[in-house]
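Structure data follow from entry.cif (mmCIF, C-alpha atoms):
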data_start
loop_
_atom_site.group_PDB
_atom_site.id
_atom_site.type_symbol
_atom_site.label_atom_id
_atom_site.label_comp_id
_atom_site.auth_asym_id
_atom_site.auth_seq_id
_atom_site.Cartn_x
_atom_site.Cartn_y
_atom_site.Cartn_z
ATOM 1 C CA MET A 1 0.000 0.000 0.000
ATOM 2 C CA ASN A 2 2.237 2.818 -1.230
ATOM 3 C CA GLU A 3 -0.517 5.151 -2.321
ATOM 4 C CA GLU A 4 -2.483 7.334 0.039
ATOM 5 C CA LYS A 5 -6.045 6.300 0.891
ATOM 6 C CA VAL A 6 -8.610 8.957 1.814
ATOM 7 C CA ILE A 7 -11.791 8.196 3.740
ATOM 8 C CA THR A 8 -14.300 11.020 4.089
ATOM 9 C CA LEU A 9 -16.511 10.923 7.169
ATOM 10 C CA LYS A 10 -19.927 12.522 7.600
ATOM 11 C CA PRO A 11 -19.555 14.906 10.547
ATOM 12 C CA ASP A 12 -23.114 14.328 11.755
ATOM 13 C CA ARG A 13 -23.299 15.271 15.433
ATOM 14 C CA LYS A 14 -26.115 12.793 16.137
ATOM 15 C CA ILE A 15 -24.008 9.813 14.964
ATOM 16 C CA PHE A 16 -21.142 10.734 17.294
ATOM 17 C CA GLU A 17 -23.461 11.712 20.177
ATOM 18 C CA ASP A 18 -25.204 8.328 20.078
ATOM 19 C CA ILE A 19 -21.870 6.610 20.683
ATOM 20 C CA TYR A 20 -20.319 9.011 23.188
ATOM 21 C CA PHE A 21 -23.442 9.185 25.354
ATOM 22 C CA SER A 22 -24.647 5.587 25.059
ATOM 23 C CA GLY A 23 -25.323 3.663 28.258
ATOM 24 C CA ASN A 24 -25.877 6.781 30.416
ATOM 25 C CA GLN A 25 -22.286 7.938 29.778
ATOM 26 C CA GLY A 26 -23.388 11.580 29.958
ATOM 27 C CA SER A 27 -25.408 11.249 33.167
ATOM 28 C CA LEU A 28 -23.654 12.931 36.064
ATOM 29 C CA LEU A 29 -25.083 10.664 38.772
ATOM 30 C CA PHE A 30 -25.795 7.452 36.867
ATOM 31 C CA SER A 31 -22.940 7.119 34.379
ATOM 32 C CA PRO A 32 -20.894 3.916 34.700
ATOM 33 C CA THR A 33 -18.244 5.953 36.551
ATOM 34 C CA THR A 34 -20.593 7.439 39.160
ATOM 35 C CA LYS A 35 -23.482 4.991 39.491
ATOM 36 C CA SER A 36 -22.022 2.820 42.272
ATOM 37 C CA LYS A 37 -20.855 5.890 44.205
ATOM 38 C CA THR A 38 -24.327 7.444 43.903
ATOM 39 C CA ILE A 39 -25.992 4.287 45.219
ATOM 40 C CA THR A 40 -23.469 3.986 48.068
ATOM 41 C CA THR A 41 -23.980 7.636 49.048
ATOM 42 C CA ILE A 42 -27.782 7.244 49.020
ATOM 43 C CA ALA A 43 -27.518 4.068 51.130
ATOM 44 C CA ALA A 44 -25.204 5.831 53.602
ATOM 45 C CA ALA A 45 -27.635 8.777 53.804
ATOM 46 C CA VAL A 46 -30.575 6.437 54.501
ATOM 47 C CA ILE A 47 -28.624 4.619 57.232
ATOM 48 C CA VAL A 48 -27.586 7.918 58.867
ATOM 49 C CA PHE A 49 -31.197 9.135 58.712
ATOM 50 C CA ILE A 50 -32.525 5.927 60.310
ATOM 51 C CA VAL A 51 -29.901 6.008 63.058
ATOM 52 C CA PHE A 52 -30.673 9.709 63.626
ATOM 53 C CA LEU A 53 -34.367 8.856 64.093
ATOM 54 C CA LEU A 54 -33.429 6.097 66.548
ATOM 55 C CA LYS A 55 -30.789 8.104 68.426
ATOM 56 C CA ASP A 56 -32.970 8.502 71.512
ATOM 57 C CA SER A 57 -33.147 4.741 71.923
ATOM 58 C CA LEU A 58 -29.331 4.425 71.735
ATOM 59 C CA SER A 59 -27.409 4.297 74.967
ATOM 60 C CA LYS A 60 -24.980 7.112 75.798
ATOM 61 C CA GLU A 61 -22.059 4.796 74.969
ATOM 62 C CA SER A 62 -23.542 3.941 71.533
ATOM 63 C CA ALA A 63 -24.208 7.546 70.499
ATOM 64 C CA GLY A 64 -20.774 7.744 68.835
ATOM 65 C CA ILE A 65 -22.039 5.467 66.094
ATOM 66 C CA LEU A 66 -24.069 8.390 64.689
ATOM 67 C CA TYR A 67 -20.858 10.427 64.351
ATOM 68 C CA PHE A 68 -19.059 7.517 62.725
ATOM 69 C CA LEU A 69 -21.881 6.916 60.222
ATOM 70 C CA SER A 70 -22.056 10.643 59.462
ATOM 71 C CA PHE A 71 -18.318 10.569 58.706
ATOM 72 C CA ILE A 72 -18.832 7.580 56.373
ATOM 73 C CA PHE A 73 -21.663 9.446 54.627
ATOM 74 C CA LEU A 74 -19.487 12.540 54.144
ATOM 75 C CA LEU A 75 -16.667 10.389 52.787
ATOM 76 C CA CYS A 76 -19.060 8.798 50.279
ATOM 77 C CA ALA A 77 -20.334 12.247 49.274
ATOM 78 C CA VAL A 78 -16.773 13.484 48.649
ATOM 79 C CA PHE A 79 -15.937 10.464 46.476
ATOM 80 C CA LEU A 80 -19.200 10.977 44.576
ATOM 81 C CA SER A 81 -18.472 14.662 43.990
ATOM 82 C CA VAL A 82 -14.990 13.865 42.640
ATOM 83 C CA SER A 83 -16.505 11.345 40.201
ATOM 84 C CA VAL A 84 -19.263 13.746 39.164
ATOM 85 C CA ASN A 85 -16.627 16.407 38.509
ATOM 86 C CA LYS A 86 -14.646 13.956 36.349
ATOM 87 C CA VAL A 87 -17.742 13.037 34.289
ATOM 88 C CA SER A 88 -18.683 16.705 34.007
ATOM 89 C CA ARG A 89 -15.243 17.626 32.610
ATOM 90 C CA TRP A 90 -15.375 14.694 30.161
ATOM 91 C CA LYS A 91 -18.863 15.714 29.034
ATOM 92 C CA LYS A 92 -17.719 19.305 28.520
ATOM 93 C CA GLN A 93 -14.777 18.127 26.360
ATOM 94 C CA VAL A 94 -17.028 15.844 24.298
ATOM 95 C CA ASN A 95 -19.578 18.629 23.756
ATOM 96 C CA HIS A 96 -16.779 20.973 22.662
ATOM 97 C CA TYR A 97 -15.608 18.353 20.143
ATOM 98 C CA LEU A 98 -19.194 17.775 18.950
ATOM 99 C CA ASN A 99 -19.651 21.523 18.455
ATOM 100 C CA ILE A 100 -16.526 21.570 16.284
ATOM 101 C CA LEU A 101 -17.884 18.612 14.299
ATOM 102 C CA GLU A 102 -21.229 20.327 13.852
ATOM 103 C CA LYS A 103 -19.567 23.297 12.102
ATOM 104 C CA CYS A 104 -17.064 21.159 10.187
ATOM 105 C CA LYS A 105 -17.133 21.015 6.392
ATOM 106 C CA VAL A 106 -14.251 18.537 5.864
ATOM 107 C CA TYR A 107 -13.640 15.479 8.034
ATOM 108 C CA GLU A 108 -11.321 12.979 6.481
ATOM 109 C CA ILE A 109 -8.811 10.292 7.323
ATOM 110 C CA ARG A 110 -5.717 9.932 5.140
ATOM 111 C CA PHE A 111 -3.223 7.145 5.479
ATOM 112 C CA ASP A 112 -0.463 5.342 3.648
ATOM 113 C CA GLN A 113 2.130 2.791 4.737
ATOM 114 C CA ASN A 114 3.895 5.280 7.039
ATOM 115 C CA PHE A 115 1.432 7.899 8.281
ATOM 116 C CA PHE A 116 -2.114 8.304 9.556
ATOM 117 C CA THR A 117 -3.656 11.797 9.321
ATOM 118 C CA VAL A 118 -6.997 13.101 10.536
ATOM 119 C CA ASN A 119 -8.139 16.345 8.941
ATOM 120 C CA ILE A 120 -10.980 18.380 10.424
ATOM 121 C CA ASP A 121 -11.418 21.566 8.382
ATOM 122 C CA GLY A 122 -7.709 21.908 7.714
ATOM 123 C CA GLU A 123 -6.654 21.125 11.291
ATOM 124 C CA LYS A 124 -4.473 18.090 10.712
ATOM 125 C CA GLU A 125 -3.162 15.598 13.245
ATOM 126 C CA THR A 126 -0.544 13.308 11.758
ATOM 127 C CA SER A 127 0.902 10.244 13.441
ATOM 128 C CA GLU A 128 3.209 7.497 12.386
ATOM 129 C CA TRP A 129 1.670 4.050 12.671
ATOM 130 C CA LYS A 130 4.118 3.189 15.462
ATOM 131 C CA ASP A 131 2.603 6.023 17.560
ATOM 132 C CA PHE A 132 -0.582 4.003 18.007
ATOM 133 C CA GLU A 133 -0.652 1.601 20.926
ATOM 134 C CA TYR A 134 -4.086 0.063 20.610
ATOM 135 C CA PHE A 135 -7.158 -0.183 18.433
ATOM 136 C CA ASP A 136 -10.516 -1.826 18.966
ATOM 137 C CA SER A 137 -13.594 -2.170 16.819
ATOM 138 C CA ASN A 138 -17.131 -3.347 17.244
ATOM 139 C CA HIS A 139 -20.364 -3.124 15.300
ATOM 140 C CA GLU A 140 -20.778 0.584 16.083
ATOM 141 C CA PHE A 141 -17.329 2.188 15.858
ATOM 142 C CA ILE A 142 -13.547 1.904 15.633
ATOM 143 C CA PHE A 143 -11.495 3.219 18.563
ATOM 144 C CA LEU A 144 -7.861 4.141 18.054
ATOM 145 C CA GLU A 145 -5.501 5.104 20.879
ATOM 146 C CA GLY A 146 -1.973 6.484 20.772
ATOM 147 C CA LYS A 147 -0.385 9.914 20.397
ATOM 148 C CA TYR A 148 -3.942 11.039 19.595
ATOM 149 C CA SER A 149 -7.118 9.095 20.345
ATOM 150 C CA TYR A 150 -9.945 8.730 17.855
ATOM 151 C CA MET A 151 -13.378 7.220 17.576
ATOM 152 C CA PHE A 152 -14.745 6.650 14.070
ATOM 153 C CA PRO A 153 -18.429 5.656 13.899
ATOM 154 C CA ARG A 154 -19.449 3.053 11.359
ATOM 155 C CA LYS A 155 -22.427 5.214 10.308
ATOM 156 C CA ALA A 156 -20.130 8.159 9.485
ATOM 157 C CA MET A 157 -18.574 6.327 6.508
ATOM 158 C CA SER A 158 -19.468 3.804 3.862
ATOM 159 C CA GLU A 159 -19.459 0.117 4.771
ATOM 160 C CA LYS A 160 -16.619 -0.447 2.307
ATOM 161 C CA ASP A 161 -14.497 2.305 3.924
ATOM 162 C CA TYR A 162 -15.252 0.986 7.415
ATOM 163 C CA SER A 163 -14.061 -2.506 6.484
ATOM 164 C CA PHE A 164 -11.009 -1.151 4.687
ATOM 165 C CA LEU A 165 -10.013 1.054 7.639
ATOM 166 C CA LYS A 166 -10.479 -1.838 10.041
ATOM 167 C CA SER A 167 -8.255 -4.117 7.971
ATOM 168 C CA ARG A 168 -5.520 -1.458 7.647
ATOM 169 C CA LEU A 169 -5.543 -0.883 11.393
ATOM 170 C CA LYS A 170 -5.174 -4.628 11.995
ATOM 171 C CA GLU A 171 -2.192 -4.701 9.640
ATOM 172 C CA ASN A 172 -0.428 -1.621 10.984
ATOM 173 C CA ILE A 173 -1.046 -1.693 14.737
ATOM 174 C CA LYS A 174 0.728 -4.541 16.470
#
What is this file in structure tokens?
Amino acid sequence: MNEEKVITLKPDRKIFEDIYFSGNQGSLLFSPTTKSKTITTIAAAVIVFIVFLLKDSLSKESAGILYFLSFIFLLCAVFLSVSVNKVSRWKKQVNHYLNILEKCKVYEIRFDQNFFTVNIDGEKETSEWKDFEYFDSNHEFIFLEGKYSYMFPRKAMSEKDYSFLKSRLKENIK
């Protein structure tokens, strides 16, 4: 493969959004990153509330358990807020990228035996094949990770281009 191959992608925001935000990815409290922390924090809050209601029936020596459970609840809330912040920053970056895509006129991938270039309206990112560490593909998209990371939806290109890109990535990324 000495000649350059060009694949033009349709920069349709909806296609990319469906992949980025699938499975509650964009939900601040119920994304895969935050869901377990949200449930744990709610459970801790319920336990603290129940113990608070029953505090009069606790002996003086057992009253410290309310303080301990309150500390556990606060700890859970802090971990949850850190995760929510992380998801919020990711969501902001994705929305920024989607806004760029929405205004984009040219979105193409160019590659030959040595280089892989992504061009979004003249903004080019070029990598050598050795710069890529990993690639994965499924029925919905191709994910490419290395110096730059990319996600190319199947619906954004022709079926022939999708298969061709997938086969080239298999050949060039070890």
For A:Lys124: contacts at 12 Å, only C-alpha atoms, fewer than 6 positions along chain excluded, given as a VMD selection string: chain A and resid 106 to 110 116 to 118 148
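For the choices A:Lys155, A:Lys130, A:Lys86, A:Lys103, the atom-to-atom distance to A:Leu169 is smallest for A:Lys130 when using all atoms listed in the file.
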Selection result for the PyMOL selection byres ((chain A and resi 42-49) around 9) on this file, as a ChimeraX atom specification: /A:37-41,50-54,66,69-70,72-74,76-77
For the interface of stretch 31-148 of chain A with stretch 15-20 of chain A (cut-off 10 Å, counting all atoms listed in the file), please tabulate each contacting residue of stretch 31-148 of chain A alongside its nearest pair of atoms and their separation in Å to one decimal, rows sorted by chain and increasing number, as JSON lines.
{"residue": "A:Lys91", "atom": "CA", "partner": "A:Tyr20", "partner_atom": "CA", "distance": 9.0}
{"residue": "A:Val94", "atom": "CA", "partner": "A:Tyr20", "partner_atom": "CA", "distance": 7.7}
{"residue": "A:Asn95", "atom": "CA", "partner": "A:Glu17", "partner_atom": "CA", "distance": 8.7}
{"residue": "A:Tyr97", "atom": "CA", "partner": "A:Phe16", "partner_atom": "CA", "distance": 9.8}
{"residue": "A:Leu98", "atom": "CA", "partner": "A:Phe16", "partner_atom": "CA", "distance": 7.5}
{"residue": "A:Leu101", "atom": "CA", "partner": "A:Phe16", "partner_atom": "CA", "distance": 9.0}
{"residue": "A:Glu140", "atom": "CA", "partner": "A:Ile19", "partner_atom": "CA", "distance": 7.7}
{"residue": "A:Phe141", "atom": "CA", "partner": "A:Ile19", "partner_atom": "CA", "distance": 8.0}
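Note that the spacing between atom CA of A:Pro11 and atom CA of A:Arg154 amounts to 11.9 Å.
The gap separating atom CA of A:Glu4 from atom CA of A:Phe152 is 18.6 Å, in Å to one decimal.
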Nearest candidate to A:His96 (options A:Lys160, A:Lys35, A:Arg13, A:Lys147; using all atoms listed in the file): A:Arg13
Take the PyMOL selection byres ((chain A and resi 112) around 8), run it mentally on this structure, and tell me the resulting residues as a compact mmCIF listing (two decimals) with C-alpha atoms, in the frame of the given file.
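The resulting file, out_25.txt, is reproduced below:
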# COMPACT_ATOMS: atom_id res chain seq x y z
CA MET A 1 0.00 0.00 0.00
CA ASN A 2 2.24 2.82 -1.23
CA GLU A 3 -0.52 5.15 -2.32
CA GLU A 4 -2.48 7.33 0.04
CA LYS A 5 -6.04 6.30 0.89
CA ARG A 110 -5.72 9.93 5.14
CA PHE A 111 -3.22 7.14 5.48
CA GLN A 113 2.13 2.79 4.74
CA ASN A 114 3.90 5.28 7.04
CA PHE A 115 1.43 7.90 8.28
CA PHE A 116 -2.11 8.30 9.56
Put a box with edges along x, y and z around all the listed atoms of stretch 47-65 of chain A, pad it by 8 Å on each side, then give me its centre and sizes in Å, one decimal, as lines of an AutoDock Vina configuration file.
center_x = -27.6
center_y = 6.8
center_z = 66.5
size_x = 29.6
size_y = 21.8
size_z = 34.6
Selection as a VMD selection string: residues within 9 Å of (-14.0, 4.1, 14.8), counting only C-alpha atoms: chain A and resid 135 to 138 140 to 144 150 to 154 162 165 to 166
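Atom pair atom CA of A:Trp129 / atom CA of A:Glu171: separated by 10.0 Å.
Among A:Leu75, A:Ala63, A:Val87, A:Met157, the residue with the shortest atom-to-atom distance to A:Thr33, counting all atoms listed in the file, is A:Val87.
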Among listed residues A:Cys104, A:Tyr67, A:Val78, A:Ile7, nearest A:Gly122 (using all atoms listed in the file): A:Cys104
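Comparing the minimum interatomic distances between A:Gly26 and each of A:Phe79, A:Trp90, A:Tyr134, A:Phe164, counting all atoms listed in the file, we find that A:Trp90 sits nearest.
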